[in-house]
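Novice: my_file16.txt is reproduced below (compact mmCIF, C-alpha atoms).
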# COMPACT_ATOMS: atom_id res chain seq x y z
CA MET A 1106 -18.90 -0.23 6.92
CA VAL A 1107 -15.63 -0.40 8.83
CA PRO A 1108 -15.03 -3.37 11.15
CA VAL A 1109 -14.61 -2.30 14.75
CA ASN A 1110 -11.40 -4.35 14.91
CA ASP A 1111 -9.77 -1.87 12.52
CA TYR A 1112 -10.49 0.98 14.90
CA VAL A 1113 -9.15 -1.00 17.85
CA ALA A 1114 -6.00 -1.89 15.88
CA LEU A 1115 -5.45 1.78 15.02
CA SER A 1116 -5.89 2.58 18.69
CA ALA A 1117 -3.29 -0.06 19.59
CA VAL A 1118 -0.81 1.39 17.08
CA LEU A 1119 -1.25 4.93 18.41
CA PHE A 1120 -0.89 3.63 21.97
CA THR A 1121 2.35 1.87 21.05
CA ILE A 1122 3.77 5.01 19.45
CA GLY A 1123 2.92 6.89 22.67
CA ALA A 1124 4.60 4.24 24.83
CA LEU A 1125 7.68 4.36 22.59
CA GLY A 1126 7.78 8.13 22.99
CA VAL A 1127 7.71 7.84 26.77
CA LEU A 1128 10.62 5.38 26.61
CA ILE A 1129 12.99 6.97 24.11
CA ARG A 1130 12.58 10.73 24.38
CA ARG A 1131 14.59 12.73 26.92
CA ASN A 1132 12.55 15.94 26.80
CA PRO A 1133 9.85 15.79 29.52
CA LEU A 1134 7.52 17.94 27.42
CA ILE A 1135 7.58 15.32 24.65
CA VAL A 1136 7.10 12.59 27.26
CA PHE A 1137 3.97 14.45 28.35
CA MET A 1138 2.78 14.71 24.76
CA SER A 1139 3.26 10.95 24.38
CA VAL A 1140 1.13 10.35 27.47
CA GLU A 1141 -1.57 12.49 25.88
CA LEU A 1142 -1.29 10.41 22.72
CA MET A 1143 -1.81 7.22 24.75
CA LEU A 1144 -4.90 8.70 26.44
CA ASN A 1145 -6.20 9.64 23.01
CA ALA A 1146 -5.69 6.11 21.71
CA ALA A 1147 -7.70 4.71 24.62
CA ASN A 1148 -10.44 7.29 23.96
CA LEU A 1149 -10.64 6.19 20.32
CA ALA A 1150 -11.24 2.59 21.37
CA PHE A 1151 -13.91 3.72 23.85
CA VAL A 1152 -15.81 5.71 21.22
CA ALA A 1153 -15.52 2.88 18.68
CA PHE A 1154 -17.07 0.36 21.08
CA SER A 1155 -19.66 2.92 22.15
CA SER A 1156 -20.64 3.26 18.50
CA VAL A 1157 -20.86 -0.50 17.98
CA PHE A 1158 -23.05 -1.10 21.03
CA GLN A 1159 -25.23 1.96 20.30
CA THR A 1160 -24.85 3.41 23.78
CA PHE A 1161 -23.55 6.67 25.22
CA ASN A 1162 -21.66 5.19 28.16
CA GLY A 1163 -18.34 5.08 26.30
CA GLN A 1164 -18.69 8.64 25.09
CA ILE A 1165 -19.43 9.90 28.60
CA PHE A 1166 -16.39 8.05 29.89
CA VAL A 1167 -14.28 9.73 27.20
CA PHE A 1168 -15.65 13.07 28.37
CA PHE A 1169 -14.33 12.34 31.87
CA VAL A 1170 -10.99 11.16 30.51
CA ILE A 1171 -10.61 14.47 28.66
CA ALA A 1172 -11.35 16.38 31.88
CA VAL A 1173 -8.76 14.36 33.81
CA ALA A 1174 -6.18 14.82 31.02
CA ALA A 1175 -6.68 18.57 31.13
CA ALA A 1176 -6.16 18.62 34.91
CA GLU A 1177 -3.08 16.39 34.61
CA VAL A 1178 -1.48 18.61 31.97
CA ALA A 1179 -2.09 21.78 33.99
CA VAL A 1180 -0.42 20.37 37.11
CA GLY A 1181 2.35 18.58 35.20
CA LEU A 1182 3.39 21.62 33.21
CA ALA A 1183 3.37 23.76 36.37
CA LEU A 1184 5.70 21.18 37.96
CA LEU A 1185 8.01 21.31 34.92
CA VAL A 1186 8.20 25.10 35.09
CA GLU A 1187 9.05 24.84 38.78
CA ILE A 1188 11.77 22.21 38.15
CA PHE A 1189 13.24 24.39 35.42
CA LYS A 1190 13.31 27.39 37.76
CA SER A 1191 15.25 25.49 40.43
CA LYS A 1192 17.61 23.39 38.23
CA LYS A 1193 17.88 25.46 34.99
CA ASN A 1194 17.65 22.21 33.05
CA ILE A 1195 14.83 19.79 32.32
CA ASN A 1196 16.61 16.87 30.68
CA ILE A 1197 15.11 13.92 32.53
CA ASP A 1198 18.47 12.13 32.71
CA ASP A 1199 19.73 14.94 34.93
CA LEU A 1200 16.81 14.79 37.35
CA ASN A 1201 18.39 12.20 39.64
CA SER A 1202 18.51 14.07 42.94
CA LEU A 1203 16.67 11.24 44.68
CA LYS A 1204 19.32 8.70 43.65
CA GLY A 1205 21.03 7.24 46.71
CA MET B 1032 -13.75 -1.48 -0.89
CA THR B 1033 -16.35 0.92 0.37
CA SER B 1034 -15.87 4.65 0.65
CA ASP B 1035 -16.04 4.41 4.46
CA LEU B 1036 -13.07 2.08 4.47
CA ILE B 1037 -11.09 4.35 2.14
CA ILE B 1038 -11.77 7.36 4.37
CA PHE B 1039 -10.75 5.30 7.40
CA LEU B 1040 -7.49 4.19 5.80
CA VAL B 1041 -6.52 7.70 4.66
CA LEU B 1042 -7.31 9.17 8.07
CA SER B 1043 -5.45 6.44 9.93
CA LEU B 1044 -2.44 7.03 7.67
CA ILE B 1045 -2.53 10.71 8.65
CA ALA B 1046 -2.98 9.84 12.34
CA VAL B 1047 -0.11 7.35 12.47
CA SER B 1048 2.28 9.50 10.45
CA SER B 1049 1.55 12.60 12.54
CA ALA B 1050 2.12 10.55 15.70
CA LEU B 1051 5.46 9.35 14.30
CA GLY B 1052 6.30 12.92 13.32
CA MET B 1053 5.60 13.97 16.90
CA LEU B 1054 7.90 11.22 18.12
CA PHE B 1055 10.87 11.93 15.84
CA SER B 1056 10.87 15.72 15.52
CA LYS B 1057 14.04 17.31 16.83
CA ASN B 1058 12.23 20.51 17.73
CA ALA B 1059 9.57 20.32 20.44
CA VAL B 1060 7.47 23.01 18.75
CA TYR B 1061 7.15 20.81 15.65
CA SER B 1062 6.23 17.91 17.93
CA ALA B 1063 3.43 19.97 19.45
CA LEU B 1064 2.10 20.95 16.03
CA PHE B 1065 2.21 17.33 14.81
CA LEU B 1066 0.32 16.31 17.94
CA ALA B 1067 -2.32 18.99 17.26
CA LEU B 1068 -2.76 17.51 13.76
CA ASN B 1069 -3.14 14.08 15.34
CA PHE B 1070 -5.81 15.35 17.76
CA VAL B 1071 -7.78 16.94 14.91
CA THR B 1072 -7.58 13.67 12.95
CA VAL B 1073 -8.89 11.75 15.96
CA ALA B 1074 -11.72 14.31 16.19
CA VAL B 1075 -12.65 13.49 12.59
CA PHE B 1076 -12.68 9.80 13.60
CA TYR B 1077 -15.14 10.70 16.36
CA LEU B 1078 -17.38 12.37 13.78
CA LEU B 1079 -17.25 9.21 11.64
CA LEU B 1080 -18.12 7.16 14.72
CA GLY B 1081 -21.24 9.25 15.36
CA ALA B 1082 -19.96 11.16 18.40
CA PRO B 1083 -20.14 14.83 17.33
CA PHE B 1084 -20.15 16.18 20.89
CA ILE B 1085 -16.96 14.32 21.79
CA ALA B 1086 -15.38 15.48 18.52
CA MET B 1087 -16.06 19.12 19.35
CA THR B 1088 -14.83 18.62 22.93
CA GLN B 1089 -11.67 17.03 21.55
CA ILE B 1090 -10.97 20.02 19.29
CA THR B 1091 -11.75 22.58 22.01
CA VAL B 1092 -9.95 20.95 24.92
CA TYR B 1093 -7.12 18.95 23.34
CA ALA B 1094 -6.28 20.75 20.10
CA GLY B 1095 -7.17 24.10 21.65
CA ALA B 1096 -6.46 24.42 25.34
CA ILE B 1097 -3.92 21.65 26.00
CA MET B 1098 -1.78 22.29 22.91
CA VAL B 1099 -1.70 26.04 23.56
CA LEU B 1100 -0.56 25.28 27.13
CA PHE B 1101 2.18 23.01 25.75
CA LEU B 1102 3.35 25.64 23.26
CA PHE B 1103 3.41 28.30 25.96
CA VAL B 1104 5.55 26.15 28.25
CA ILE B 1105 7.92 25.07 25.44
CA MET B 1106 8.54 28.66 24.46
CA LEU B 1107 8.71 29.86 28.07
CA LEU B 1108 11.36 27.31 29.03
CA GLY B 1109 13.25 27.51 25.75
CA ALA B 1110 13.21 23.71 25.66
CA GLU B 1111 12.79 23.39 21.89
CA SER B 1112 15.73 21.01 21.60
CA LEU B 1113 17.84 19.50 24.34
CA ALA B 1114 21.40 18.29 23.94
CA PRO B 1115 21.53 14.51 23.46
CA SER B 1116 22.37 12.70 26.66
CA LYS B 1117 24.80 9.83 27.01
CA ALA B 1118 23.11 8.16 29.96
CA LEU B 1119 21.64 4.68 29.39
CA PRO B 1120 22.81 4.12 25.77
CA TRP B 1121 21.22 0.67 25.63
CA GLN B 1122 17.78 1.99 26.46
CA LYS B 1123 16.76 3.21 23.00
CA PRO B 1124 17.22 -0.04 21.01
CA LEU B 1125 15.63 -2.03 23.81
CA ALA B 1126 12.65 0.35 23.91
CA VAL B 1127 12.17 0.12 20.14
CA LEU B 1128 12.33 -3.67 20.29
CA LEU B 1129 9.79 -3.85 23.11
CA ALA B 1130 7.45 -1.37 21.39
CA VAL B 1131 7.53 -3.35 18.14
CA MET B 1132 6.78 -6.52 20.13
CA LEU B 1133 3.87 -4.77 21.86
CA ALA B 1134 2.43 -3.55 18.56
CA VAL B 1135 2.77 -6.90 16.79
CA GLU B 1136 1.34 -8.84 19.71
CA SER B 1137 -1.65 -6.55 20.26
CA ILE B 1138 -2.55 -6.42 16.56
CA TYR B 1139 -2.16 -10.20 16.27
CA LEU B 1140 -4.47 -10.71 19.25
CA ILE B 1141 -7.01 -8.18 17.97
CA PHE B 1142 -7.29 -9.79 14.55
CA SER B 1143 -6.91 -13.47 15.45
CA ARG B 1144 -8.53 -13.96 18.83
CA ALA B 1145 -11.20 -11.30 19.03
CA SER B 1146 -14.59 -12.32 17.76
CA SER B 1147 -15.56 -9.86 15.07
CA SER B 1148 -18.08 -8.04 17.20
CA GLY B 1149 -19.59 -5.82 14.58
CA VAL B 1150 -19.12 -3.16 11.98
CA ILE B 1151 -19.50 0.57 12.30
CA ALA B 1152 -21.94 2.02 9.83
CA SER B 1153 -21.54 5.58 8.65
CA PRO B 1154 -23.47 7.90 10.98
CA ASN B 1155 -27.01 8.63 9.95
CA ALA B 1156 -28.94 11.85 10.39
CA ALA B 1157 -30.67 10.65 13.57
CA LEU B 1158 -27.34 10.13 15.30
CA ASN B 1159 -26.17 13.65 14.53
CA SER B 1160 -29.42 15.29 15.60
CA MET B 1161 -30.23 17.39 18.65
CA ASP B 1162 -32.30 14.55 20.12
CA SER B 1163 -29.26 12.32 20.33
CA LEU B 1164 -27.30 15.06 22.09
CA ARG B 1165 -30.20 15.61 24.49
CA GLU B 1166 -30.30 11.91 25.31
CA MET B 1167 -26.58 11.94 26.07
CA ALA B 1168 -26.97 15.03 28.28
CA MET B 1169 -29.81 13.40 30.22
CA MET B 1170 -27.60 10.39 30.81
CA LEU B 1171 -24.67 12.58 31.88
CA PHE B 1172 -26.71 14.56 34.39
CA ASN B 1173 -28.74 11.66 35.78
CA GLN B 1174 -26.79 8.43 35.75
CA TYR B 1175 -23.34 10.06 35.83
CA LEU B 1176 -24.10 13.08 38.04
CA LEU B 1177 -21.70 12.14 40.84
CA PRO B 1178 -18.69 11.54 38.51
CA PHE B 1179 -19.52 14.83 36.80
CA GLU B 1180 -19.35 16.70 40.10
CA VAL B 1181 -16.15 14.87 41.08
CA ALA B 1182 -14.62 15.90 37.75
CA SER B 1183 -15.52 19.52 38.43
CA VAL B 1184 -13.86 19.35 41.86
CA LEU B 1185 -10.81 17.72 40.23
CA LEU B 1186 -10.52 20.57 37.74
CA LEU B 1187 -10.78 23.09 40.59
CA VAL B 1188 -8.04 21.27 42.53
CA ALA B 1189 -5.82 21.18 39.44
CA MET B 1190 -6.34 24.89 38.87
CA VAL B 1191 -5.49 25.78 42.48
CA GLY B 1192 -2.50 23.40 42.39
CA ALA B 1193 -1.12 24.92 39.19
CA ILE B 1194 -1.47 28.45 40.60
CA VAL B 1195 0.21 27.50 43.89
CA LEU B 1196 3.09 25.76 42.07
CA ALA B 1197 3.69 28.60 39.63
CA LYS B 1198 3.36 31.39 42.19
CA GLN B 1199 6.41 33.61 42.64
CA GLU B 1200 7.61 33.45 46.23
CA LYS B 1201 8.58 36.88 47.42
CA ALA B 1202 11.73 37.28 49.49
CA GLY B 1203 11.07 37.12 53.20
CA GLN B 1204 7.55 35.87 52.65
CA LYS B 1205 7.04 32.15 52.58
Take the structure in the file and write it out as structure tokens.
Specialist:
Amino acid sequence: MVPVNDYVALSAVLFTIGALGVLIRRNPLIVFMSVELMLNAANLAFVAFSSVFQTFNGQIFVFFVIAVAAAEVAVGLALLVEIFKSKKNINIDDLNSLKG
Amino acid sequence: MTSDLIIFLVLSLIAVSSALGMLFSKNAVYSALFLALNFVTVAVFYLLLGAPFIAMTQITVYAGAIMVLFLFVIMLLGAESLAPSKALPWQKPLAVLLAVMLAVESIYLIFSRASSSGVIASPNAALNSMDSLREMAMMLFNQYLLPFEVASVLLLVAMVGAIVLAKQEKAGQK
């Protein structure tokens, strides 16, 4: 018997680690991985509540989140490859061409 | 302390430490492998929560497809480790401070304000049976049919978009 609050707290911790990764890392691939970690943390909270309320709605929502994450990663990584081909560098501090 | 709680604590220790390992690895390949470990740990959490279908989807899609895609791109670009940048030197301590504040505040609110809305029992045999899966499938294809179709169109659009972006443009042909 695990209280549902423990699962939600674990989800919050994983989400925070993901947010920290987005803020402090300079490698866009690791920024992407941190975004995936945040999506995963949200999914964990969804499944925990779905289990408490004995319903499948949360699990089906997680299924859709996984589909959207897969689509996002496919397009995002293709964009990164394209940026690397044109600039030969993917450090996100150097991607400031739009700066006025 | 029940065995469920011990399993939960050990698994959450693995999940948090693999997430931190992902965050602080110098080499992006190690980060990807730590993240794969984290995804598998979360899949075990899904099994404990009585969601075997989602656990298998997690392993197939996240730990399988998405991590392989990440590893391919890391090795293709040679972006294992980037040179440290000097831009925005104040950003890192500020980000750590804000993240610690976010974690402390959210955990404080979860444990002090939230009404304890229930406990999660260990999954019984009925929850892991075929009938339960069938019930979920009926719900997915009846109540959630339109989102399901939209998700399939979204995946098609993402596939076409990735192919168009990664396509080699031949000289003289735009």
Novice: Using all atoms listed in the file, which residues sit within 12 Å of A:Val1178 once same-chain residues fewer than 3 positions away are excluded, as a PyMOL selection string?
Specialist: (chain A and resi 1133-1134+1136-1141+1144+1171-1175+1181-1185) or (chain B and resi 1092-1093+1096-1101+1104+1186+1189-1190+1192-1193)
Novice: Which one of A:Asn1110, A:Ile1197, A:Ala1179, A:Gly1163 sits closest to A:Asn1148 if you count all atoms listed in the file?
Specialist: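 Under the stated criterion, the closest residue is A:Gly1163.
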Novice: Counting only C-alpha atoms, what are the residues of stretch 1100-1151 of chain B within 6 Å of stretch 1113-1127 of chain A, and for each of them which pair of atoms is the nearest and at what distance in Å, to one decimal? Sort the table by chain and rising number, as a tab-separated table.
Specialist:
residue	atom	partner	partner_atom	distance
B:Ala1130	CA	A:Leu1125	CA	5.9
B:Ala1134	CA	A:Thr1121	CA	6.0
B:Ile1138	CA	A:Ala1114	CA	5.7
Novice: Give the answer as one residue: which of B:Arg1165, B:Leu1196, B:Tyr1139, B:Ser1049 has the shortest atom-to-atom distance to chain A, using only C-alpha atoms?
Specialist: B:Leu1196
Novice: When you look at A:Ser1155 with a cut-off of 10 Å (counting only C-alpha atoms), what residues show up, excluding the ones that are within fewer than 6 positions of it in the same chain? I need them as number ranges by chain.
Specialist: A: 1149, 1161-1166; B: 1080-1082
Novice: When distances are computed from all atoms listed in the file, which of B:Ala1145, B:Leu1054, B:Ala1197, B:Met1161 shows the smallest separation from A:Asn1132?
Specialist: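 Answer, going by the shortest atom-to-atom distance: B:Leu1054.
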Novice: Given the point (22.3, 13.0, 23.1) in the coordinates of this file, which residues lie within 12 Å, counting only C-alpha atoms, and how would they look as an MDAnalysis selection string?
Specialist: (chainID A and resid 1129:1132 1196:1198) or (chainID B and resid 1057 1112:1120 1123)
Novice: Which polymer residues have any atom within 12 Å of an atom of B:Val1075, counting all atoms listed in the file, with same-chain residues fewer than 6 positions away left out, as a list in words?
Specialist: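 So the residues in contact are Leu1149 of chain A; Ile1038, Phe1039, Val1041, Leu1042, Ser1043, Ile1045, Ala1046, Leu1068, Asn1069, Gly1081, Ala1082, Pro1083, Phe1084, Ile1085, Ala1086, Met1087, Thr1088, Gln1089 and Ile1090 of chain B.
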Novice: Now that the selection is made, can you save its residues with C-alpha atoms as a PDB file, in the coordinates of the input?
Specialist:
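Wrote it out as selection-v2.pdb, contents follow:
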ATOM      1  CA  LEU A1149     -10.640   6.190  20.320  1.00  0.00           C
TER       2      LEU A1149
ATOM      3  CA  ILE B1038     -11.770   7.360   4.370  1.00  0.00           C
ATOM      4  CA  PHE B1039     -10.750   5.300   7.400  1.00  0.00           C
ATOM      5  CA  VAL B1041      -6.520   7.700   4.660  1.00  0.00           C
ATOM      6  CA  LEU B1042      -7.310   9.170   8.070  1.00  0.00           C
ATOM      7  CA  SER B1043      -5.450   6.440   9.930  1.00  0.00           C
ATOM      8  CA  ILE B1045      -2.530  10.710   8.650  1.00  0.00           C
ATOM      9  CA  ALA B1046      -2.980   9.840  12.340  1.00  0.00           C
ATOM     10  CA  LEU B1068      -2.760  17.510  13.760  1.00  0.00           C
ATOM     11  CA  ASN B1069      -3.140  14.080  15.340  1.00  0.00           C
ATOM     12  CA  GLY B1081     -21.240   9.250  15.360  1.00  0.00           C
ATOM     13  CA  ALA B1082     -19.960  11.160  18.400  1.00  0.00           C
ATOM     14  CA  PRO B1083     -20.140  14.830  17.330  1.00  0.00           C
ATOM     15  CA  PHE B1084     -20.150  16.180  20.890  1.00  0.00           C
ATOM     16  CA  ILE B1085     -16.960  14.320  21.790  1.00  0.00           C
ATOM     17  CA  ALA B1086     -15.380  15.480  18.520  1.00  0.00           C
ATOM     18  CA  MET B1087     -16.060  19.120  19.350  1.00  0.00           C
ATOM     19  CA  THR B1088     -14.830  18.620  22.930  1.00  0.00           C
ATOM     20  CA  GLN B1089     -11.670  17.030  21.550  1.00  0.00           C
ATOM     21  CA  ILE B1090     -10.970  20.020  19.290  1.00  0.00           C
TER      22      ILE B1090
END
Novice: To one decimal place in Å, what is the distance between atom CA of B:Leu1064 and atom CA of A:Tyr1112?
Specialist: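 It comes out at 23.6 Å.
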Novice: Given 3 Å of margin on each side, can you work out the centre and size in Å (one decimal) of an axis-aligned box holding every listed atom of stretch 1090-1108 of chain B, as lines of an AutoDock Vina configuration file?
Specialist:
center_x = -0.2
center_y = 24.4
center_z = 24.2
size_x = 29.1
size_y = 16.9
size_z = 15.7
Novice: Do you have the atom CA of A:Met1143-atom CA of B:Leu1044 distance handy?
Specialist: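 Distance reported for this atom pair: 17.1 Å.
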Novice: Using atom CA of B:Ser1137 and atom CA of A:Ala1146 as the two end points, give the distance in Å to one decimal.
Specialist: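 Those two atoms sit 13.4 Å apart.
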Novice: For chain B, which residue out of A:Leu1203, A:Ala1150, A:Val1170, A:Ala1176 is the nearest one, using only C-alpha atoms?
Specialist: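 Counting only C-alpha atoms, the residue closest to chain B is A:Ala1176.
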Novice: Using all atoms listed in the file, which of the listed residues (A:Val1109, A:Ile1188, A:Ile1135, A:Leu1128) sits closest to A:Phe1151?
Specialist: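 Once distances to A:Phe1151 are computed over all atoms listed in the file, the minimum belongs to A:Val1109.
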Novice: For A:Thr1160, which residue among B:Ala1067, B:Val1191, B:Leu1158, B:Val1131 is the nearest when counting only C-alpha atoms?
Specialist: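 Between B:Ala1067, B:Val1191, B:Leu1158, B:Val1131, the residue approaching A:Thr1160 most closely is B:Leu1158.
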